[in-house]
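Enquirer: Please find start.cif (mmCIF, C-alpha atoms) on the next line:
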data_final
#
loop_
_atom_site.group_PDB
_atom_site.id
_atom_site.type_symbol
_atom_site.label_atom_id
_atom_site.label_comp_id
_atom_site.auth_asym_id
_atom_site.auth_seq_id
_atom_site.Cartn_x
_atom_site.Cartn_y
_atom_site.Cartn_z
ATOM 1 C CA MET N 315 10.626 1.324 13.781
ATOM 2 C CA ILE N 316 9.611 4.537 15.532
ATOM 3 C CA TYR N 317 6.372 6.028 14.214
ATOM 4 C CA LEU N 318 5.736 9.785 14.539
ATOM 5 C CA GLU N 319 2.386 11.278 13.593
ATOM 6 C CA THR N 320 1.976 14.625 15.359
ATOM 7 C CA ILE N 321 3.975 17.726 14.468
ATOM 8 C CA LYS N 322 5.144 18.297 18.035
ATOM 9 C CA GLN N 323 6.815 14.847 17.908
ATOM 10 C CA PHE N 324 8.944 15.781 14.888
ATOM 11 C CA HIS N 325 12.360 15.946 16.511
ATOM 12 C CA ILE N 326 15.257 13.499 16.151
ATOM 13 C CA ASP N 327 18.625 14.005 17.901
ATOM 14 C CA GLU N 328 20.518 11.308 15.985
ATOM 15 C CA PRO N 329 21.930 12.180 12.527
ATOM 16 C CA THR N 330 19.565 10.996 9.808
ATOM 17 C CA ALA N 331 19.139 10.177 6.135
ATOM 18 C CA LEU N 332 15.721 11.205 4.875
ATOM 19 C CA THR N 333 13.427 10.675 1.918
ATOM 20 C CA ILE N 334 10.179 12.521 1.164
ATOM 21 C CA GLY N 335 7.141 11.337 -0.772
ATOM 22 C CA LYS N 336 3.603 9.952 -0.800
ATOM 23 C CA PHE N 337 4.814 6.364 -1.262
ATOM 24 C CA ASP N 338 1.398 5.103 -2.296
ATOM 25 C CA GLY N 339 1.799 1.418 -3.112
ATOM 26 C CA LEU N 340 5.530 1.251 -2.341
ATOM 27 C CA HIS N 341 6.345 0.229 -5.928
ATOM 28 C CA ARG N 342 9.671 -0.623 -7.583
ATOM 29 C CA GLY N 343 10.566 3.050 -8.012
ATOM 30 C CA HIS N 344 10.011 3.645 -4.306
ATOM 31 C CA GLU N 345 12.045 0.551 -3.460
ATOM 32 C CA LYS N 346 14.988 2.063 -5.348
ATOM 33 C CA LEU N 347 14.771 5.156 -3.135
ATOM 34 C CA ILE N 348 14.521 3.029 -0.002
ATOM 35 C CA SER N 349 17.569 0.969 -0.969
ATOM 36 C CA TYR N 350 19.696 4.139 -1.195
ATOM 37 C CA LEU N 351 18.286 5.303 2.129
ATOM 38 C CA LEU N 352 19.122 2.019 3.865
ATOM 39 C CA GLU N 353 22.667 2.186 2.501
ATOM 40 C CA LYS N 354 23.157 5.281 4.654
ATOM 41 C CA GLN N 355 22.612 3.196 7.775
ATOM 42 C CA LYS N 356 26.130 1.834 7.159
ATOM 43 C CA ASP N 357 27.413 5.391 7.676
ATOM 44 C CA GLY N 358 25.707 5.591 11.059
ATOM 45 C CA LEU N 359 22.660 7.549 9.872
ATOM 46 C CA LYS N 360 19.149 6.662 10.973
ATOM 47 C CA SER N 361 16.765 6.181 8.028
ATOM 48 C CA VAL N 362 13.695 8.428 7.978
ATOM 49 C CA VAL N 363 10.690 8.275 5.647
ATOM 50 C CA PHE N 364 8.690 11.515 5.625
ATOM 51 C CA THR N 365 5.206 11.130 4.165
ATOM 52 C CA PHE N 366 1.707 12.535 4.695
ATOM 53 C CA ASP N 367 -1.300 11.106 6.474
ATOM 54 C CA ILE N 368 -3.621 11.744 3.505
ATOM 55 C CA PRO N 369 -2.898 12.178 -0.202
ATOM 56 C CA PRO N 370 -2.250 15.918 -0.707
ATOM 57 C CA LYS N 371 -4.564 15.957 -3.768
ATOM 58 C CA LYS N 372 -7.539 15.158 -1.545
ATOM 59 C CA LEU N 373 -7.059 18.398 0.403
ATOM 60 C CA THR N 374 -6.033 20.607 -2.497
ATOM 61 C CA ASP N 375 -8.863 19.791 -4.922
ATOM 62 C CA GLY N 376 -11.420 17.875 -2.866
ATOM 63 C CA GLU N 377 -11.122 14.608 -4.768
ATOM 64 C CA GLY N 378 -11.254 11.367 -2.841
ATOM 65 C CA ILE N 379 -8.450 9.053 -3.945
ATOM 66 C CA ARG N 380 -8.536 5.301 -3.488
ATOM 67 C CA LEU N 381 -5.212 4.322 -1.972
ATOM 68 C CA LEU N 382 -2.857 1.545 -2.995
ATOM 69 C CA SER N 383 -1.539 1.604 0.581
ATOM 70 C CA THR N 384 -3.485 2.829 3.590
ATOM 71 C CA ASN N 385 -1.609 4.615 6.352
ATOM 72 C CA SER N 386 -1.401 1.453 8.458
ATOM 73 C CA GLU N 387 -0.286 -0.657 5.471
ATOM 74 C CA LYS N 388 2.460 1.860 4.686
ATOM 75 C CA GLN N 389 3.641 1.681 8.261
ATOM 76 C CA ALA N 390 3.842 -2.125 8.116
ATOM 77 C CA LEU N 391 5.669 -2.119 4.767
ATOM 78 C CA PHE N 392 8.330 0.355 5.922
ATOM 79 C CA GLU N 393 8.865 -1.543 9.143
ATOM 80 C CA GLU N 394 9.344 -4.775 7.188
ATOM 81 C CA ARG N 395 12.073 -3.066 5.151
ATOM 82 C CA GLY N 396 14.060 -1.949 8.167
ATOM 83 C CA ILE N 397 13.303 1.777 8.214
ATOM 84 C CA ASP N 398 14.213 3.412 11.553
ATOM 85 C CA TYR N 399 11.659 6.269 11.605
ATOM 86 C CA MET N 400 8.424 6.845 9.731
ATOM 87 C CA ILE N 401 6.926 10.325 9.922
ATOM 88 C CA GLN N 402 3.285 10.584 8.893
ATOM 89 C CA CYS N 403 2.849 14.339 8.720
ATOM 90 C CA PRO N 404 -0.673 15.773 9.149
ATOM 91 C CA PHE N 405 -1.333 17.656 5.903
ATOM 92 C CA THR N 406 -2.822 20.731 7.537
ATOM 93 C CA GLN N 407 -3.517 24.075 5.889
ATOM 94 C CA GLU N 408 -0.406 25.410 7.615
ATOM 95 C CA VAL N 409 1.779 22.657 6.162
ATOM 96 C CA MET N 410 0.186 23.011 2.729
ATOM 97 C CA CYS N 411 0.909 26.771 2.620
ATOM 98 C CA MET N 412 4.484 26.519 3.917
ATOM 99 C CA GLU N 413 7.037 28.087 1.592
ATOM 100 C CA PRO N 414 9.432 25.458 0.134
ATOM 101 C CA GLU N 415 12.510 27.038 1.758
ATOM 102 C CA ASP N 416 10.743 27.098 5.144
ATOM 103 C CA PHE N 417 9.741 23.457 4.700
ATOM 104 C CA VAL N 418 13.371 22.450 4.083
ATOM 105 C CA ASP N 419 14.544 24.463 7.105
ATOM 106 C CA TRP N 420 11.843 22.859 9.256
ATOM 107 C CA ILE N 421 12.600 19.239 8.437
ATOM 108 C CA VAL N 422 16.396 19.514 8.189
ATOM 109 C CA THR N 423 16.699 21.349 11.506
ATOM 110 C CA ASN N 424 14.211 19.281 13.496
ATOM 111 C CA LEU N 425 15.200 15.904 12.059
ATOM 112 C CA ASN N 426 18.990 16.439 12.088
ATOM 113 C CA VAL N 427 19.222 15.576 8.396
ATOM 114 C CA LYS N 428 22.674 14.830 6.952
ATOM 115 C CA SER N 429 21.561 13.094 3.744
ATOM 116 C CA ILE N 430 18.458 13.425 1.541
ATOM 117 C CA VAL N 431 17.322 10.930 -1.101
ATOM 118 C CA VAL N 432 14.464 11.957 -3.416
ATOM 119 C CA GLY N 433 12.995 11.084 -6.778
ATOM 120 C CA GLU N 434 13.381 13.471 -9.676
ATOM 121 C CA ASP N 435 9.626 14.210 -9.487
ATOM 122 C CA CYS N 436 9.681 15.154 -5.787
ATOM 123 C CA ARG N 437 7.571 18.238 -5.025
ATOM 124 C CA PHE N 438 6.916 20.016 -1.730
ATOM 125 C CA GLY N 439 5.901 23.351 -0.249
ATOM 126 C CA HIS N 440 3.299 25.900 -1.303
ATOM 127 C CA ASN N 441 1.984 25.285 -4.826
ATOM 128 C CA ARG N 442 4.462 22.403 -5.123
ATOM 129 C CA ARG N 443 7.237 24.882 -5.918
ATOM 130 C CA GLY N 444 9.927 22.969 -4.052
ATOM 131 C CA ASP N 445 11.825 20.289 -5.976
ATOM 132 C CA HIS N 446 15.178 18.523 -6.149
ATOM 133 C CA ARG N 447 16.768 21.631 -7.689
ATOM 134 C CA LEU N 448 15.909 23.682 -4.614
ATOM 135 C CA LEU N 449 17.242 20.902 -2.388
ATOM 136 C CA ALA N 450 20.507 21.040 -4.331
ATOM 137 C CA GLN N 451 20.720 24.817 -3.903
ATOM 138 C CA LEU N 452 20.202 24.581 -0.143
ATOM 139 C CA ALA N 453 22.504 21.588 0.472
ATOM 140 C CA SER N 454 25.645 23.576 1.296
ATOM 141 C CA ARG N 455 23.740 25.988 3.563
ATOM 142 C CA TYR N 456 22.306 23.176 5.702
ATOM 143 C CA GLY N 457 25.167 20.705 5.351
ATOM 144 C CA TYR N 458 23.395 17.697 3.869
ATOM 145 C CA GLU N 459 24.281 15.607 0.814
ATOM 146 C CA LEU N 460 21.652 15.020 -1.859
ATOM 147 C CA LYS N 461 20.936 11.954 -3.997
ATOM 148 C CA VAL N 462 18.378 12.325 -6.817
ATOM 149 C CA VAL N 463 17.010 9.015 -8.115
ATOM 150 C CA HIS N 464 15.709 8.774 -11.669
ATOM 151 C CA LYS N 465 12.337 7.134 -12.308
ATOM 152 C CA LEU N 466 12.177 3.489 -13.310
ATOM 153 C CA GLN N 467 10.297 2.578 -16.468
ATOM 154 C CA PHE N 468 8.393 -0.443 -17.697
ATOM 155 C CA GLU N 469 7.919 -0.817 -21.454
ATOM 156 C CA GLY N 470 8.606 2.874 -22.032
ATOM 157 C CA ARG N 471 6.330 4.251 -19.310
ATOM 158 C CA ASP N 472 7.338 5.613 -15.909
ATOM 159 C CA ILE N 473 6.407 3.308 -13.062
ATOM 160 C CA SER N 474 4.025 5.307 -10.890
ATOM 161 C CA SER N 475 1.114 4.883 -8.506
ATOM 162 C CA THR N 476 -1.187 6.181 -11.261
ATOM 163 C CA TYR N 477 0.023 3.500 -13.707
ATOM 164 C CA ILE N 478 -0.414 0.760 -11.101
ATOM 165 C CA ARG N 479 -3.861 2.042 -10.120
ATOM 166 C CA GLU N 480 -4.994 1.859 -13.757
ATOM 167 C CA GLU N 481 -3.884 -1.763 -14.112
ATOM 168 C CA ILE N 482 -5.480 -2.858 -10.830
ATOM 169 C CA LEU N 483 -8.799 -1.315 -11.897
ATOM 170 C CA LYS N 484 -8.579 -3.402 -15.084
ATOM 171 C CA GLY N 485 -7.898 -6.560 -13.063
ATOM 172 C CA ASN N 486 -4.389 -6.904 -14.532
ATOM 173 C CA MET N 487 -2.922 -8.217 -11.299
ATOM 174 C CA GLU N 488 0.131 -9.890 -12.801
ATOM 175 C CA LEU N 489 1.190 -6.668 -14.518
ATOM 176 C CA ALA N 490 0.463 -4.697 -11.330
ATOM 177 C CA ALA N 491 2.746 -7.108 -9.444
ATOM 178 C CA ARG N 492 5.548 -6.512 -11.963
ATOM 179 C CA LEU N 493 5.223 -2.755 -11.433
ATOM 180 C CA LEU N 494 4.994 -3.016 -7.662
ATOM 181 C CA GLY N 495 7.663 -5.664 -7.286
ATOM 182 C CA HIS N 496 5.205 -7.767 -5.269
ATOM 183 C CA PRO N 497 1.551 -8.854 -5.565
ATOM 184 C CA TYR N 498 -1.058 -6.240 -4.698
ATOM 185 C CA SER N 499 -2.408 -6.844 -1.203
ATOM 186 C CA VAL N 500 -4.940 -5.790 1.405
ATOM 187 C CA ASP N 501 -4.333 -5.909 5.164
ATOM 188 C CA GLY N 502 -7.183 -6.550 7.567
ATOM 189 C CA ILE N 503 -8.491 -8.339 10.635
ATOM 190 C CA VAL N 504 -10.318 -11.643 10.115
ATOM 191 C CA GLN N 505 -13.965 -11.195 11.051
ATOM 192 C CA THR N 506 -16.853 -13.530 11.636
ATOM 193 C CA GLY N 507 -18.879 -13.796 8.415
ATOM 194 C CA ASN N 508 -22.194 -15.481 7.714
ATOM 195 C CA GLN N 509 -20.379 -18.865 7.806
ATOM 196 C CA ILE N 510 -22.146 -20.186 4.687
ATOM 197 C CA GLY N 511 -18.805 -21.435 3.381
ATOM 198 C CA ARG N 512 -18.313 -23.588 6.452
ATOM 199 C CA THR N 513 -21.651 -25.346 5.870
ATOM 200 C CA ILE N 514 -20.673 -26.308 2.302
ATOM 201 C CA GLY N 515 -17.145 -27.444 3.101
ATOM 202 C CA VAL N 516 -15.265 -24.315 1.991
ATOM 203 C CA PRO N 517 -14.746 -22.113 5.078
ATOM 204 C CA THR N 518 -13.476 -18.623 4.385
ATOM 205 C CA ALA N 519 -11.526 -15.900 6.161
ATOM 206 C CA ASN N 520 -13.381 -12.584 5.837
ATOM 207 C CA ILE N 521 -11.904 -9.088 6.006
ATOM 208 C CA GLU N 522 -13.080 -5.575 5.167
ATOM 209 C CA ALA N 523 -10.776 -3.310 3.185
ATOM 210 C CA GLY N 524 -11.889 0.104 4.427
ATOM 211 C CA SER N 525 -13.422 2.947 2.459
ATOM 212 C CA THR N 526 -10.156 4.492 1.226
ATOM 213 C CA LYS N 527 -8.497 1.320 -0.104
ATOM 214 C CA LEU N 528 -8.449 0.651 -3.852
ATOM 215 C CA LEU N 529 -9.915 -2.767 -4.665
ATOM 216 C CA PRO N 530 -9.531 -4.744 -7.888
ATOM 217 C CA PRO N 531 -12.742 -5.537 -9.848
ATOM 218 C CA PHE N 532 -15.297 -7.732 -8.113
ATOM 219 C CA GLY N 533 -14.487 -11.367 -8.768
ATOM 220 C CA VAL N 534 -12.406 -14.389 -7.846
ATOM 221 C CA TYR N 535 -8.604 -14.397 -7.713
ATOM 222 C CA ALA N 536 -5.807 -16.850 -7.062
ATOM 223 C CA ALA N 537 -4.476 -15.432 -3.818
ATOM 224 C CA SER N 538 -2.226 -15.893 -0.825
ATOM 225 C CA ILE N 539 -2.730 -14.993 2.816
ATOM 226 C CA ASP N 540 -0.039 -14.157 5.360
ATOM 227 C CA VAL N 541 -0.951 -15.315 8.866
ATOM 228 C CA ARG N 542 1.404 -14.820 11.806
ATOM 229 C CA GLY N 543 4.488 -14.923 9.596
ATOM 230 C CA GLU N 544 3.353 -17.890 7.464
ATOM 231 C CA ARG N 545 2.021 -17.801 3.902
ATOM 232 C CA PHE N 546 -0.820 -19.959 2.598
ATOM 233 C CA PHE N 547 -2.567 -20.092 -0.779
ATOM 234 C CA GLY N 548 -6.124 -20.343 -2.037
ATOM 235 C CA ILE N 549 -8.868 -18.338 -3.731
ATOM 236 C CA ALA N 550 -10.239 -14.939 -2.737
ATOM 237 C CA ASN N 551 -13.500 -13.303 -3.723
ATOM 238 C CA ILE N 552 -13.967 -9.528 -3.748
ATOM 239 C CA GLY N 553 -17.537 -8.238 -3.797
ATOM 240 C CA ARG N 554 -20.952 -8.373 -2.188
ATOM 241 C CA LYS N 555 -21.687 -12.146 -2.171
ATOM 242 C CA PRO N 556 -24.730 -11.785 -4.476
ATOM 243 C CA THR N 557 -25.810 -15.429 -4.026
ATOM 244 C CA ILE N 558 -26.138 -14.964 -0.255
ATOM 245 C CA LYS N 559 -29.415 -13.311 0.700
ATOM 246 C CA PRO N 560 -28.774 -10.174 2.772
ATOM 247 C CA LYS N 561 -30.785 -9.102 5.767
ATOM 248 C CA GLU N 562 -34.097 -7.481 4.908
ATOM 249 C CA GLY N 563 -33.722 -3.881 3.793
ATOM 250 C CA ALA N 564 -29.939 -4.163 3.436
ATOM 251 C CA CYS N 565 -27.302 -5.284 0.978
ATOM 252 C CA ASN N 566 -24.200 -7.300 1.677
ATOM 253 C CA PRO N 567 -21.228 -4.995 2.352
ATOM 254 C CA ILE N 568 -18.230 -5.041 0.052
ATOM 255 C CA GLY N 569 -15.654 -7.385 1.470
ATOM 256 C CA ILE N 570 -12.984 -9.977 0.784
ATOM 257 C CA GLU N 571 -13.418 -13.635 1.643
ATOM 258 C CA MET N 572 -10.701 -16.211 1.129
ATOM 259 C CA HIS N 573 -10.767 -19.980 1.144
ATOM 260 C CA ILE N 574 -7.342 -21.192 2.265
ATOM 261 C CA LEU N 575 -6.176 -24.495 0.848
ATOM 262 C CA ASN N 576 -5.456 -27.251 3.399
ATOM 263 C CA PHE N 577 -6.032 -24.952 6.358
ATOM 264 C CA SER N 578 -8.126 -25.547 9.480
ATOM 265 C CA ARG N 579 -6.900 -23.063 12.112
ATOM 266 C CA ASP N 580 -9.107 -20.604 13.969
ATOM 267 C CA ILE N 581 -7.859 -17.142 12.940
ATOM 268 C CA TYR N 582 -10.804 -14.934 13.933
ATOM 269 C CA GLY N 583 -9.479 -11.574 15.129
ATOM 270 C CA VAL N 584 -6.026 -12.179 13.626
ATOM 271 C CA PRO N 585 -4.340 -9.534 11.395
ATOM 272 C CA VAL N 586 -3.692 -10.936 7.903
ATOM 273 C CA ARG N 587 -2.502 -9.786 4.480
ATOM 274 C CA ILE N 588 -4.327 -11.091 1.398
ATOM 275 C CA SER N 589 -2.396 -10.784 -1.891
ATOM 276 C CA PHE N 590 -3.993 -11.097 -5.336
ATOM 277 C CA TYR N 591 -2.002 -12.889 -8.034
ATOM 278 C CA VAL N 592 -4.336 -13.315 -11.007
ATOM 279 C CA PHE N 593 -7.982 -12.661 -11.874
ATOM 280 C CA GLU N 594 -9.970 -15.837 -12.583
ATOM 281 C CA ARG N 595 -13.597 -14.794 -13.122
ATOM 282 C CA PRO N 596 -16.105 -12.019 -12.315
ATOM 283 C CA GLU N 597 -18.336 -12.287 -9.278
ATOM 284 C CA ARG N 598 -21.790 -13.581 -10.207
ATOM 285 C CA LYS N 599 -25.067 -14.581 -8.612
ATOM 286 C CA PHE N 600 -25.799 -18.305 -8.686
ATOM 287 C CA ASP N 601 -29.277 -19.840 -8.705
ATOM 288 C CA SER N 602 -28.545 -21.919 -5.607
ATOM 289 C CA ILE N 603 -25.968 -22.568 -2.916
ATOM 290 C CA SER N 604 -25.226 -25.946 -4.546
ATOM 291 C CA ASP N 605 -24.393 -24.189 -7.837
ATOM 292 C CA LEU N 606 -22.102 -21.855 -5.904
ATOM 293 C CA GLN N 607 -20.466 -24.828 -4.213
ATOM 294 C CA ALA N 608 -19.815 -26.493 -7.584
ATOM 295 C CA GLN N 609 -18.207 -23.321 -8.951
ATOM 296 C CA ILE N 610 -16.017 -22.884 -5.866
ATOM 297 C CA LYS N 611 -14.639 -26.384 -6.439
ATOM 298 C CA LYS N 612 -13.649 -25.293 -9.950
ATOM 299 C CA ASP N 613 -12.111 -22.128 -8.524
ATOM 300 C CA ILE N 614 -10.041 -24.223 -6.117
ATOM 301 C CA VAL N 615 -8.730 -26.346 -8.999
ATOM 302 C CA PHE N 616 -7.790 -23.128 -10.830
ATOM 303 C CA SER N 617 -5.836 -21.912 -7.807
ATOM 304 C CA GLU N 618 -4.112 -25.263 -7.299
ATOM 305 C CA HIS N 619 -2.953 -25.294 -10.919
ATOM 306 C CA TYR N 620 -1.853 -21.641 -10.753
ATOM 307 C CA PHE N 621 0.273 -22.201 -7.658
ATOM 308 C CA GLY N 622 1.426 -25.660 -8.779
ATOM 309 C CA LYS N 623 -0.459 -27.374 -5.927
#
Is it possible to express this structure as structure tokens?

Expert:
Amino acid sequence: MIYLETIKQFHIDEPTALTIGKFDGLHRGHEKLISYLLEKQKDGLKSVVFTFDIPPKKLTDGEGIRLLSTNSEKQALFEERGIDYMIQCPFTQEVMCMEPEDFVDWIVTNLNVKSIVVGEDCRFGHNRRGDHRLLAQLASRYGYELKVVHKLQFEGRDISSTYIREEILKGNMELAARLLGHPYSVDGIVQTGNQIGRTIGVPTANIEAGSTKLLPPFGVYAASIDVRGERFFGIANIGRKPTIKPKEGACNPIGIEMHILNFSRDIYGVPVRISFYVFERPERKFDSISDLQAQIKKDIVFSEHYFGK
């Protein structure tokens, strides 16, 4: 997949099929769009996903939004699905104030667009005035075909990033997975931790999620980890490790640590993806390391039963 992230790079000579959106979380509704887009590859069109490098709401009203998918996670997910080009457009003041008709002219001309696939809630241009109706009006002028995809629903509610975000914040990971079409996950690089787990027979892989990533509630989860194309299972804790005494004058940073069942490889510095299947228990402070060790053994049994050993 070719990744473009600066405006001066936004030029494609080959004929393309394009979709536009935030694609936060890449849920089942997004997957429907992507499937239509990939179908166009059979007609000789290169597939292009046009998204933004930050959520537009953060610039327009100043709110910080915790993301279901960071920019790098989005890039990995689209590449896994076989997308040819991903455009991560800088959401500058100039882009934000662009008139909808000018935005269409800009992307269609520079990206050689012959087909556009969008959701019925697609919005673009100044004050979000551009939508699928405008795209339909301009189709004959610019010579592209348009496919508008209706939103998917689950139990009477539209599947959306907002819906998924609500369920993750409640710790409803199984429902979140049904909405996403896959378990909710966090990508990261395995770092050296305090290695307490190793001393009590339960070594862990530690990653940090980053300040913009949405995390489920602090606690322990049945989880999987993808390492160099292989998947392993175990238990993952999200939180601040309250039983482990931090350095003086500090507190333990928020992080994710995972004990991988029947695993003994050295994976420090390796990119991994940790996926959360079901919430087991809240994070808590234990009176001693031995009490923590006893609870971890129970957590492991929970995970083994959940995944069927």

Enquirer: Taking all atoms listed in the file into account, name the residue in N:Thr557, N:Asn566, N:Asn520, N:Gln407 that is nearest to N:Ser604.

Expert: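 Counting all atoms listed in the file, the residue closest to N:Ser604 is N:Thr557.
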
Enquirer: Go through the shown structure with the PyMOL selection byres ((chain N and resi 459-467) around 8) and write out the matching residues as a tab-separated table (two decimals) with C-alpha atoms, in the frame of the given file.

Expert:
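That gives us result-v1.tsv:
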chain	number	residue	atom	x	y	z
N	342	ARG	CA	9.67	-0.62	-7.58
N	343	GLY	CA	10.57	3.05	-8.01
N	346	LYS	CA	14.99	2.06	-5.35
N	347	LEU	CA	14.77	5.16	-3.14
N	428	LYS	CA	22.67	14.83	6.95
N	429	SER	CA	21.56	13.09	3.74
N	430	ILE	CA	18.46	13.42	1.54
N	431	VAL	CA	17.32	10.93	-1.10
N	432	VAL	CA	14.46	11.96	-3.42
N	433	GLY	CA	13.00	11.08	-6.78
N	434	GLU	CA	13.38	13.47	-9.68
N	446	HIS	CA	15.18	18.52	-6.15
N	449	LEU	CA	17.24	20.90	-2.39
N	450	ALA	CA	20.51	21.04	-4.33
N	453	ALA	CA	22.50	21.59	0.47
N	457	GLY	CA	25.17	20.70	5.35
N	458	TYR	CA	23.40	17.70	3.87
N	468	PHE	CA	8.39	-0.44	-17.70
N	469	GLU	CA	7.92	-0.82	-21.45
N	470	GLY	CA	8.61	2.87	-22.03
N	471	ARG	CA	6.33	4.25	-19.31
N	472	ASP	CA	7.34	5.61	-15.91
N	473	ILE	CA	6.41	3.31	-13.06

Enquirer: To test your reading of the syntax: which residues would the PyMOL selection byres ((chain N and resi 475) around 8) return for the file shown? Reply as a VMD selection string.

Expert: chain N and resid 338 to 339 341 382 473 to 474 476 to 479

Enquirer: Save the residues we just selected, C-alpha atoms, as a PDB file, in the coordinates of the input?

Expert:
ATOM      1  CA  ASP N 338       1.398   5.103  -2.296  1.00  0.00           C
ATOM      2  CA  GLY N 339       1.799   1.418  -3.112  1.00  0.00           C
ATOM      3  CA  HIS N 341       6.345   0.229  -5.928  1.00  0.00           C
ATOM      4  CA  LEU N 382      -2.857   1.545  -2.995  1.00  0.00           C
ATOM      5  CA  ILE N 473       6.407   3.308 -13.062  1.00  0.00           C
ATOM      6  CA  SER N 474       4.025   5.307 -10.890  1.00  0.00           C
ATOM      7  CA  THR N 476      -1.187   6.181 -11.261  1.00  0.00           C
ATOM      8  CA  TYR N 477       0.023   3.500 -13.707  1.00  0.00           C
ATOM      9  CA  ILE N 478      -0.414   0.760 -11.101  1.00  0.00           C
ATOM     10  CA  ARG N 479      -3.861   2.042 -10.120  1.00  0.00           C
TER      11      ARG N 479
END

Enquirer: Taking all atoms listed in the file into account, name the residue in N:Leu332, N:Leu351, N:Ile603, N:Ile574 that is nearest to N:Asn426.

Expert: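 When distances to N:Asn426 are compared using all atoms listed in the file, the smallest one comes from N:Leu332.
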
Enquirer: If you measure from atom CA of N:Val541 to atom CA of N:Gly396, what distance in Å do you get, rounded to one decimal?

Expert: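 That distance, rounded to one decimal, is 20.1 Å.
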
Enquirer: I'd like the residues picked by the PyMOL selection byres ((chain N and resi 442) around 10) written out as a list in words, using the chain letters and numbers from the file.

Expert: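 Applied to this file, the PyMOL selection byres ((chain N and resi 442) around 10) selects Met410, Cys411, Met412, Glu413, Pro414, Cys436, Arg437, Phe438, Gly439, His440, Asn441, Arg443, Gly444 and Asp445 of chain N.
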
Enquirer: Mind listing as a ChimeraX atom specification all residues within 9 Å of (-12.1, -11.2, 18.6), counting only C-alpha atoms?

Expert: /N:504-506,582-584

Enquirer: Create the file for the chosen residues now, containing C-alpha atoms and written as a CSV table (one decimal), in the coordinates of the input.

Expert:
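As a result, again.csv now contains:
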chain,number,residue,atom,x,y,z
N,504,VAL,CA,-10.3,-11.6,10.1
N,505,GLN,CA,-14.0,-11.2,11.1
N,506,THR,CA,-16.9,-13.5,11.6
N,582,TYR,CA,-10.8,-14.9,13.9
N,583,GLY,CA,-9.5,-11.6,15.1
N,584,VAL,CA,-6.0,-12.2,13.6

Enquirer: Mind pulling up the distance from atom CA of N:Leu381 to atom CA of N:Ile326?

Expert: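 Going from atom CA of N:Ile326 over to atom CA of N:Leu381 covers 28.8 Å.
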
Enquirer: Contacts of N:Glu328 at 12 Å or less, counting all atoms listed in the file, minus same-chain residues fewer than 3 places along, as an NGL selection string?

Expert: :N and (325 or 331 or 355 or 358-362 or 398-399 or 423-428)

Enquirer: Tell me, in Å to one decimal, how far atom CA of N:Gly533 is from atom CA of N:Asn551.

Expert: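 Calculated distance between atom CA of N:Gly533 and atom CA of N:Asn551 is 5.5 Å.
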
Enquirer: Please determine, counting all atoms listed in the file, which residue among N:Ala491, N:Ile610, N:Ile401, N:Ile588 has the shortest atom-to-atom distance to N:Lys336.

Expert: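 Once distances to N:Lys336 are computed over all atoms listed in the file, the minimum belongs to N:Ile401.
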
Enquirer: So for stretch 337-352 of chain N, what box centre and size do we get, axis-aligned, 4 Å extra on each of the six sides, every listed atom, Å to one decimal, as lines of an AutoDock Vina configuration file?

Expert:
center_x = 10.5
center_y = 2.9
center_z = -2.1
size_x = 26.3
size_y = 15.0
size_z = 19.9

Enquirer: Of the residues N:Met487, N:Val500, N:Ala390, N:Ile334, which is the one nearest to N:Asp435, using all atoms listed in the file?

Expert: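 Selected residue with least distance to N:Asp435: N:Ile334.
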
Enquirer: Within 7 Å of N:Ala519, counting only C-alpha atoms, which residues show up once you throw out same-chain ones fewer than 3 positions away? Write them as a list in words, please.

Expert: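 These residues fall inside the cut-off: Val504, Glu571, Met572 and His573 of chain N.
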
Enquirer: Find the residues near N:Arg395: any atom within 10 Å, counting all atoms listed in the file, skip ones fewer than 6 places away on the same chain, and give them as a PDB file with C-alpha atoms, in the frame of the given file.

Expert:
ATOM      1  CA  MET N 315      10.626   1.324  13.781  1.00  0.00           C
ATOM      2  CA  GLU N 345      12.045   0.551  -3.460  1.00  0.00           C
ATOM      3  CA  ILE N 348      14.521   3.029  -0.002  1.00  0.00           C
ATOM      4  CA  SER N 349      17.569   0.969  -0.969  1.00  0.00           C
ATOM      5  CA  LEU N 352      19.122   2.019   3.865  1.00  0.00           C
TER       6      LEU N 352
END
